[in-house]
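query.cif (mmCIF, C-alpha atoms (C1' of nucleotides))
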```cif
data_work
#
loop_
_atom_site.label_atom_id
_atom_site.label_comp_id
_atom_site.auth_asym_id
_atom_site.auth_seq_id
_atom_site.Cartn_x
_atom_site.Cartn_y
_atom_site.Cartn_z
CA MET N 1 78.81 37.37 -182.01
CA ALA N 2 80.76 34.18 -181.65
CA ALA N 3 77.44 32.47 -182.18
CA THR N 4 77.39 29.29 -184.21
CA GLN N 5 78.18 30.10 -187.81
CA LYS N 6 75.28 30.57 -190.12
CA LEU N 7 77.34 31.26 -193.22
CA LYS N 8 76.61 28.50 -195.65
CA ALA N 9 78.83 25.45 -195.31
CA ASP N 10 79.73 23.82 -198.61
CA LEU N 11 81.29 20.39 -198.82
CA TYR N 12 82.17 20.96 -202.45
CA ALA N 13 84.50 23.81 -201.53
CA PRO N 14 87.95 22.30 -200.86
CA LEU N 15 88.69 24.80 -198.10
CA CYS N 16 85.42 24.54 -196.21
CA PRO N 17 85.92 23.29 -192.63
CA SER N 18 83.00 20.92 -193.13
CA ARG N 19 85.38 18.72 -195.09
CA THR N 20 87.62 18.11 -192.11
CA VAL N 21 84.61 17.39 -189.92
CA LEU N 22 83.39 14.84 -192.41
CA ASP N 23 86.90 13.40 -192.65
CA HIS N 24 86.98 12.80 -188.91
CA LEU N 25 83.55 11.21 -188.87
CA MET N 26 84.18 9.02 -191.88
CA SER N 27 87.79 8.10 -191.31
CA ARG N 28 88.64 4.43 -191.33
CA TRP N 29 88.60 4.21 -187.54
CA GLY N 30 86.31 7.12 -186.78
CA VAL N 31 83.33 5.29 -188.17
CA LEU N 32 83.94 2.17 -186.13
CA VAL N 33 84.64 4.09 -182.93
CA LEU N 34 81.39 6.01 -183.28
CA LEU N 35 79.42 2.83 -183.84
CA VAL N 36 80.88 1.19 -180.77
CA LEU N 37 80.34 4.27 -178.62
CA LEU N 38 76.72 4.38 -179.69
CA GLU N 39 76.29 1.19 -177.74
CA ARG N 40 77.68 2.36 -174.42
CA THR N 41 80.63 3.89 -172.56
CA TRP N 42 84.01 2.18 -172.95
CA ARG N 43 87.49 2.32 -171.55
CA PHE N 44 90.44 2.87 -173.87
CA ARG N 45 91.72 -0.69 -174.25
CA GLU N 46 88.26 -2.11 -174.22
CA LEU N 47 87.38 0.09 -177.14
CA GLY N 48 90.50 -1.02 -178.98
CA ARG N 49 89.70 -4.69 -178.56
CA LYS N 50 86.12 -4.19 -179.64
CA VAL N 51 87.02 -2.37 -182.84
CA GLY N 52 89.52 -4.92 -184.03
CA GLY N 53 92.72 -4.22 -185.91
CA VAL N 54 93.32 -0.70 -184.66
CA SER N 55 96.71 0.30 -183.26
CA GLU N 56 97.09 2.25 -180.02
CA LYS N 57 98.35 5.21 -181.94
CA MET N 58 95.44 5.41 -184.32
CA LEU N 59 92.91 4.81 -181.58
CA ALA N 60 94.32 7.66 -179.52
CA GLN N 61 94.47 9.95 -182.51
CA THR N 62 90.95 9.13 -183.62
CA LEU N 63 89.56 9.68 -180.15
CA GLN N 64 91.34 13.02 -179.89
CA HIS N 65 89.94 14.23 -183.18
CA LEU N 66 86.45 13.27 -182.12
CA GLU N 67 86.95 14.81 -178.70
CA VAL N 68 88.20 18.10 -180.11
CA ASP N 69 85.27 18.23 -182.50
CA GLY N 70 82.93 17.79 -179.57
CA PHE N 71 81.62 14.36 -180.51
CA VAL N 72 83.26 12.39 -177.74
CA ARG N 73 83.55 13.05 -174.03
CA ARG N 74 86.64 11.82 -172.18
CA GLU N 75 86.52 11.28 -168.45
CA ALA N 76 89.68 10.39 -166.55
CA PHE N 77 89.52 8.93 -163.05
CA PRO N 78 92.45 9.64 -160.72
CA GLU N 79 93.04 6.03 -159.79
CA ILE N 80 95.83 3.53 -160.00
CA PRO N 81 95.85 1.92 -162.41
CA PRO N 82 94.42 4.76 -164.47
CA ARG N 83 90.93 4.50 -165.85
CA VAL N 84 89.60 6.65 -168.68
CA GLU N 85 86.12 6.38 -170.07
CA TYR N 86 84.91 7.50 -173.45
CA SER N 87 81.33 8.25 -174.36
CA LEU N 88 79.36 10.22 -176.92
CA THR N 89 78.23 13.76 -176.30
CA PRO N 90 74.67 14.60 -177.33
CA MET N 91 76.00 16.10 -180.54
CA GLY N 92 78.17 13.03 -181.05
CA ARG N 93 75.11 10.86 -180.73
CA GLU N 94 73.32 12.83 -183.44
CA ALA N 95 76.20 12.36 -185.84
CA ALA N 96 76.81 8.75 -184.89
CA GLN N 97 73.24 7.85 -185.62
CA ARG N 98 73.65 9.06 -189.19
CA VAL N 99 76.84 7.08 -189.50
CA GLN N 100 75.04 4.07 -188.14
CA GLY N 101 72.34 4.51 -190.74
CA LEU N 102 74.88 3.94 -193.45
CA ALA N 103 76.73 1.20 -191.60
CA LEU N 104 73.61 -0.84 -191.02
CA TRP N 105 72.64 -0.50 -194.64
CA VAL N 106 76.06 -1.76 -195.69
CA GLU N 107 76.00 -4.73 -193.34
CA ALA N 108 72.55 -5.66 -194.58
CA ASN N 109 73.46 -5.29 -198.24
CA VAL N 110 76.99 -6.62 -198.60
CA GLY N 111 75.54 -9.56 -200.41
CA ARG N 112 74.06 -7.43 -203.17
CA VAL N 113 77.32 -5.56 -203.55
CA LEU N 114 79.33 -8.75 -203.73
CA SER N 115 77.05 -10.06 -206.43
CA ALA N 116 77.37 -6.81 -208.34
CA ARG N 117 81.15 -7.01 -208.12
CA ALA N 118 81.21 -10.36 -209.84
CA VAL N 119 79.87 -8.83 -213.04
CA GLY N 120 81.07 -5.26 -212.50
CA ALA N 121 84.73 -6.14 -212.20
CA LYS N 122 84.67 -7.81 -215.60
CA LYS N 123 83.10 -4.84 -217.32
CA VAL N 124 85.80 -2.51 -216.06
CA ALA N 125 88.54 -4.99 -216.86
CA ALA N 126 87.20 -5.37 -220.39
CA ARG N 127 87.52 -1.63 -221.02
CA ARG N 128 91.14 -1.62 -219.95
CA SER N 129 92.17 -4.49 -222.18
CA ALA N 130 90.39 -2.81 -225.10
CA SER N 131 93.14 -0.19 -225.34
CA MET C 132 73.46 -20.98 -204.92
CA ALA C 133 75.24 -17.76 -205.79
CA ALA C 134 72.36 -16.09 -204.02
CA THR C 135 73.05 -12.95 -202.07
CA GLN C 136 75.02 -13.80 -198.95
CA LYS C 137 73.08 -14.16 -195.79
CA LEU C 138 76.02 -14.94 -193.56
CA LYS C 139 76.27 -12.12 -191.06
CA ALA C 140 78.44 -9.22 -192.14
CA ASP C 141 80.54 -7.71 -189.38
CA LEU C 142 82.25 -4.37 -189.76
CA TYR C 143 84.35 -5.02 -186.67
CA ALA C 144 86.05 -7.97 -188.36
CA PRO C 145 89.08 -6.63 -190.20
CA LEU C 146 88.67 -9.15 -193.01
CA CYS C 147 84.98 -8.71 -193.64
CA PRO C 148 84.23 -7.45 -197.18
CA SER C 149 81.82 -4.95 -195.69
CA ARG C 150 84.85 -2.89 -194.72
CA THR C 151 85.92 -2.37 -198.32
CA VAL C 152 82.37 -1.47 -199.31
CA LEU C 153 82.25 1.11 -196.56
CA ASP C 154 85.69 2.35 -197.58
CA HIS C 155 84.48 2.99 -201.11
CA LEU C 156 81.35 4.77 -199.95
CA MET C 157 83.11 6.87 -197.35
CA SER C 158 86.34 7.60 -199.18
CA ARG C 159 87.34 11.22 -199.49
CA TRP C 160 85.98 11.51 -203.03
CA GLY C 161 83.42 8.73 -202.92
CA VAL C 162 81.20 10.69 -200.59
CA LEU C 163 81.23 13.81 -202.71
CA VAL C 164 80.65 11.91 -205.94
CA LEU C 165 77.64 10.15 -204.47
CA LEU C 166 76.16 13.41 -203.26
CA VAL C 167 76.55 15.02 -206.66
CA LEU C 168 75.11 12.02 -208.45
CA LEU C 169 72.10 12.09 -206.19
CA GLU C 170 71.18 15.32 -207.88
CA ARG C 171 71.26 14.13 -211.48
CA THR C 172 73.27 12.46 -214.24
CA TRP C 173 76.65 13.99 -215.08
CA ARG C 174 79.42 13.71 -217.62
CA PHE C 175 82.96 12.95 -216.45
CA ARG C 176 84.48 16.45 -216.59
CA GLU C 177 81.30 18.04 -215.39
CA LEU C 178 81.41 15.85 -212.33
CA GLY C 179 85.03 16.77 -211.72
CA ARG C 180 84.34 20.48 -211.85
CA LYS C 181 81.34 20.15 -209.58
CA VAL C 182 83.21 18.24 -206.90
CA GLY C 183 86.11 20.66 -206.66
CA GLY C 184 89.71 19.73 -206.02
CA VAL C 185 89.63 16.21 -207.38
CA SER C 186 92.27 15.06 -209.86
CA GLU C 187 91.38 13.14 -213.01
CA LYS C 188 93.08 10.10 -211.64
CA MET C 189 91.15 10.01 -208.41
CA LEU C 190 87.87 10.78 -210.10
CA ALA C 191 88.32 7.90 -212.52
CA GLN C 192 89.38 5.54 -209.75
CA THR C 193 86.53 6.53 -207.49
CA LEU C 194 83.98 6.10 -210.24
CA GLN C 195 85.37 2.69 -211.10
CA HIS C 196 85.15 1.50 -207.52
CA LEU C 197 81.58 2.67 -207.29
CA GLU C 198 80.75 1.16 -210.66
CA VAL C 199 82.24 -2.21 -209.75
CA ASP C 200 80.33 -2.23 -206.49
CA GLY C 201 77.13 -1.63 -208.41
CA PHE C 202 76.42 1.85 -207.09
CA VAL C 203 77.11 3.79 -210.27
CA ARG C 204 76.03 3.16 -213.87
CA ARG C 205 78.33 4.24 -216.67
CA GLU C 206 76.94 4.83 -220.13
CA ALA C 207 79.27 5.60 -223.02
CA PHE C 208 77.97 7.12 -226.25
CA PRO C 209 79.85 6.30 -229.48
CA GLU C 210 80.26 9.90 -230.57
CA ILE C 211 83.08 12.24 -231.38
CA PRO C 212 84.04 13.81 -229.13
CA PRO C 213 83.27 11.01 -226.68
CA ARG C 214 80.52 11.42 -224.15
CA VAL C 215 80.15 9.32 -221.03
CA GLU C 216 77.41 9.72 -218.51
CA TYR C 217 77.40 8.61 -214.91
CA SER C 218 74.34 8.05 -212.78
CA LEU C 219 73.28 6.15 -209.67
CA THR C 220 71.81 2.68 -209.84
CA PRO C 221 68.79 2.03 -207.62
CA MET C 222 71.10 0.42 -205.07
CA GLY C 223 73.46 3.36 -205.36
CA ARG C 224 70.61 5.69 -204.61
CA GLU C 225 69.78 3.78 -201.44
CA ALA C 226 73.34 4.07 -200.20
CA ALA C 227 73.77 7.66 -201.35
CA GLN C 228 70.73 8.73 -199.39
CA ARG C 229 72.32 7.47 -196.19
CA VAL C 230 75.51 9.26 -197.04
CA GLN C 231 73.51 12.38 -197.70
CA GLY C 232 71.89 12.06 -194.30
CA LEU C 233 75.24 12.47 -192.67
CA ALA C 234 76.46 15.12 -195.09
CA LEU C 235 73.46 17.34 -194.58
CA TRP C 236 73.81 17.03 -190.82
CA VAL C 237 77.44 18.08 -191.07
CA GLU C 238 76.73 21.07 -193.29
CA ALA C 239 74.00 22.18 -190.92
CA ASN C 240 76.11 21.72 -187.80
CA VAL C 241 79.61 22.85 -188.74
CA GLY C 242 79.06 25.87 -186.58
CA ARG C 243 78.52 23.81 -183.46
CA VAL C 244 81.60 21.76 -184.21
CA LEU C 245 83.73 24.83 -184.81
CA SER C 246 82.61 26.24 -181.48
CA ALA C 247 83.41 22.96 -179.77
CA ARG C 248 86.87 22.95 -181.32
CA ALA C 249 87.72 26.30 -179.79
CA VAL C 250 87.53 24.83 -176.29
CA GLY C 251 88.26 21.19 -177.16
CA ALA C 252 91.60 21.88 -178.78
CA LYS C 253 92.85 23.53 -175.60
CA LYS C 254 91.85 20.64 -173.39
CA VAL C 255 93.78 18.17 -175.48
CA ALA C 256 96.77 20.49 -175.75
CA ALA C 257 96.78 20.93 -171.98
CA ARG C 258 97.09 17.18 -171.45
CA ARG C 259 100.09 16.99 -173.74
CA SER C 260 101.99 19.77 -172.04
CA ALA C 261 101.26 18.19 -168.66
CA SER C 262 103.78 15.47 -169.35
"C1'" DC F 263 86.19 14.85 -224.16
"C1'" DA F 264 87.34 10.82 -221.47
"C1'" DG F 265 90.27 8.70 -219.88
"C1'" DT F 266 95.24 5.82 -219.08
"C1'" DA F 267 100.24 5.54 -217.87
"C1'" DT F 268 104.15 7.10 -215.28
"C1'" DC F 269 106.54 9.26 -211.89
"C1'" DC F 270 107.09 11.07 -207.33
"C1'" DT F 271 106.32 12.43 -202.64
"C1'" DA F 272 103.87 13.50 -198.36
"C1'" DC F 273 101.89 11.48 -194.80
"C1'" DA F 274 98.76 7.84 -192.90
"C1'" DC F 275 99.53 4.10 -190.42
"C1'" DG F 276 101.70 0.18 -187.97
"C1'" DA F 277 105.39 -1.57 -184.84
"C1'" DT F 278 108.09 -0.81 -181.09
"C1'" DA F 279 109.75 1.18 -177.02
"C1'" DC F 280 109.01 4.09 -173.24
"C1'" DT F 281 106.49 7.04 -169.30
"C1'" DG F 282 103.27 8.21 -165.44
"C1'" DC U 283 96.07 0.82 -167.79
"C1'" DA U 284 96.41 4.84 -170.74
"C1'" DG U 285 98.71 6.80 -173.28
"C1'" DT U 286 103.23 9.47 -175.87
"C1'" DA U 287 107.54 9.40 -178.79
"C1'" DT U 288 110.13 7.72 -182.48
"C1'" DC U 289 111.06 5.40 -186.51
"C1'" DG U 290 110.18 3.04 -190.95
"C1'" DT U 291 107.34 2.04 -194.86
"C1'" DG U 292 103.28 1.52 -198.16
"C1'" DT U 293 100.50 3.76 -200.58
"C1'" DA U 294 97.03 7.28 -201.43
"C1'" DG U 295 96.92 10.69 -204.31
"C1'" DG U 296 98.71 14.89 -207.11
"C1'" DA U 297 101.15 16.50 -211.47
"C1'" DT U 298 102.18 15.67 -215.95
"C1'" DA U 299 102.20 13.71 -220.40
"C1'" DC U 300 100.04 10.86 -223.66
"C1'" DT U 301 96.07 8.11 -226.40
"C1'" DG U 302 91.67 7.20 -228.93
#
```

Show me the file's structure as structure tokens.
Amino acid sequence: MAATQKLKADLYAPLCPSRTVLDHLMSRWGVLVLLVLLERTWRFRELGRKVGGVSEKMLAQTLQHLEVDGFVRREAFPEIPPRVEYSLTPMGREAAQRVQGLALWVEANVGRVLSARAVGAKKVAARRSAS
Amino acid sequence: MAATQKLKADLYAPLCPSRTVLDHLMSRWGVLVLLVLLERTWRFRELGRKVGGVSEKMLAQTLQHLEVDGFVRREAFPEIPPRVEYSLTPMGREAAQRVQGLALWVEANVGRVLSARAVGAKKVAARRSAS
DNA sequence: CAGTATCCTACACGATACTG
DNA sequence: CAGTATCGTGTAGGATACTG
């Protein structure tokens, strides 16, 4: 009892908890944080600067979600000034690697997508004006 | 000229187009649509029912984003009643497979995450009350 | 069926100020 | 430094009605 659930998870079911897990992993900032953490351990501000464009609030919130879900480990050192280090748990590393798989593909293929957009945007626009 | 871009894409740069590509792929409904399309070709309503919980508006918008980006092919048949079929392009399949990699991991590991949450939520809550 | 157009609201998110 | 608290706003996204 209390063992890890074996009842089938189903992303297509709106109420399935797997949706919230996926939401945390794929959130705007969640993705970037995971990628950065894959590289090494970081302090809070350091992480913020590395990600680029994230506010303190969202960084804190994102890290808490990932910590609660067991993807990120937070270690606070009782010093002055305070120092807190964030790293991936083993499970976090597993998930982050999958995220990285997609991220690397995107970085490598933005060019193809941008080319596709040039023609794709017109097709969609044409349908709208044909009303 | 007009060749696919080779200039380095950087997800950490807020202005890099790769961010919008990733946003489309990882959006709430984008993920689910890609997973479903990986299975086979679907009609509009069919797709909506399969995904579960998506509104017409969001389904149409999501499909358009993916179509514009060159991930999804839309084929309309001049019949009455109208029939429109959506499928993945070869590039869409490449991306969708990466998305699937993460999705399958999540479905298989929700149990571990749920267990982690039981203890993780308390740790975070404890910090807040210790103010 | 396959959408589009309109309206409306909850909340995601940023900016700012403050605490330990 | 490492956050939390508060406030204000833009917009993602749902509900509904309508078109071809």

| message | Going by the chain IDs and residue numbers used in this file, which residues fall under the PyMOL selection byres ((chain F and resi 271) around 10)? Write them as a list in words. | response | DC269, DC270, DA272 and DC273 of chain F; DG295 and DG296 of chain U

| task | Taking the file as shown, find all residues satisfying the PyMOL selection byres ((chain U) within 12 of (chain C)) and write them as a VMD selection string. | result | chain U and resid 285 to 287 294 to 298 302

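What separates atom CA of N:Thr41 from atom CA of C:Arg258 is a distance of 21.2 Å.
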
| said: Could you work out which residues of chain C fall inside 7 Å of chain N? Count only C-alpha atoms, and format the result as a PyMOL selection string. | reply: chain C and resi 135-137+140-141+143-145+149+153+157+182-184+198-201+226+229-230+232-233+237-238+241-244+246-248+251-252

| request: Between atom CA of C:His155 and atom CA of C:Ala191, measure the distance and give it in Å to one decimal. | output: 13.0 Å

| task | Using all atoms listed in the file, find which residues of chain F lie within 10 Å of chain N and jot them down as a list in words. | result | DT266, DA274, DC275, DG276, DA277 and DG282 of chain F

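Between atom C1' of F:DA264 and atom CA of C:Thr220 there is a distance of 21.0 Å.
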
| task | Within 9 Å of (111.2, 3.4, -183.2) (coordinates as in the file), grab all the protein and nucleic acid residues, counting all atoms listed in the file, and write them out as number ranges by chain. | result | F: 277-279; U: 287-290

Go ahead and save the picked residues with C-alpha atoms (C1' of nucleotides), as a PDB file, keeping the file's coordinate frame.
```pdb
ATOM      1  C1'  DA F 277     105.390  -1.570-184.840  1.00  0.00           C
ATOM      2  C1'  DT F 278     108.090  -0.810-181.090  1.00  0.00           C
ATOM      3  C1'  DA F 279     109.750   1.180-177.020  1.00  0.00           C
TER       4       DA F 279
ATOM      5  C1'  DA U 287     107.540   9.400-178.790  1.00  0.00           C
ATOM      6  C1'  DT U 288     110.130   7.720-182.480  1.00  0.00           C
ATOM      7  C1'  DC U 289     111.060   5.400-186.510  1.00  0.00           C
ATOM      8  C1'  DG U 290     110.180   3.040-190.950  1.00  0.00           C
TER       9       DG U 290
END
```
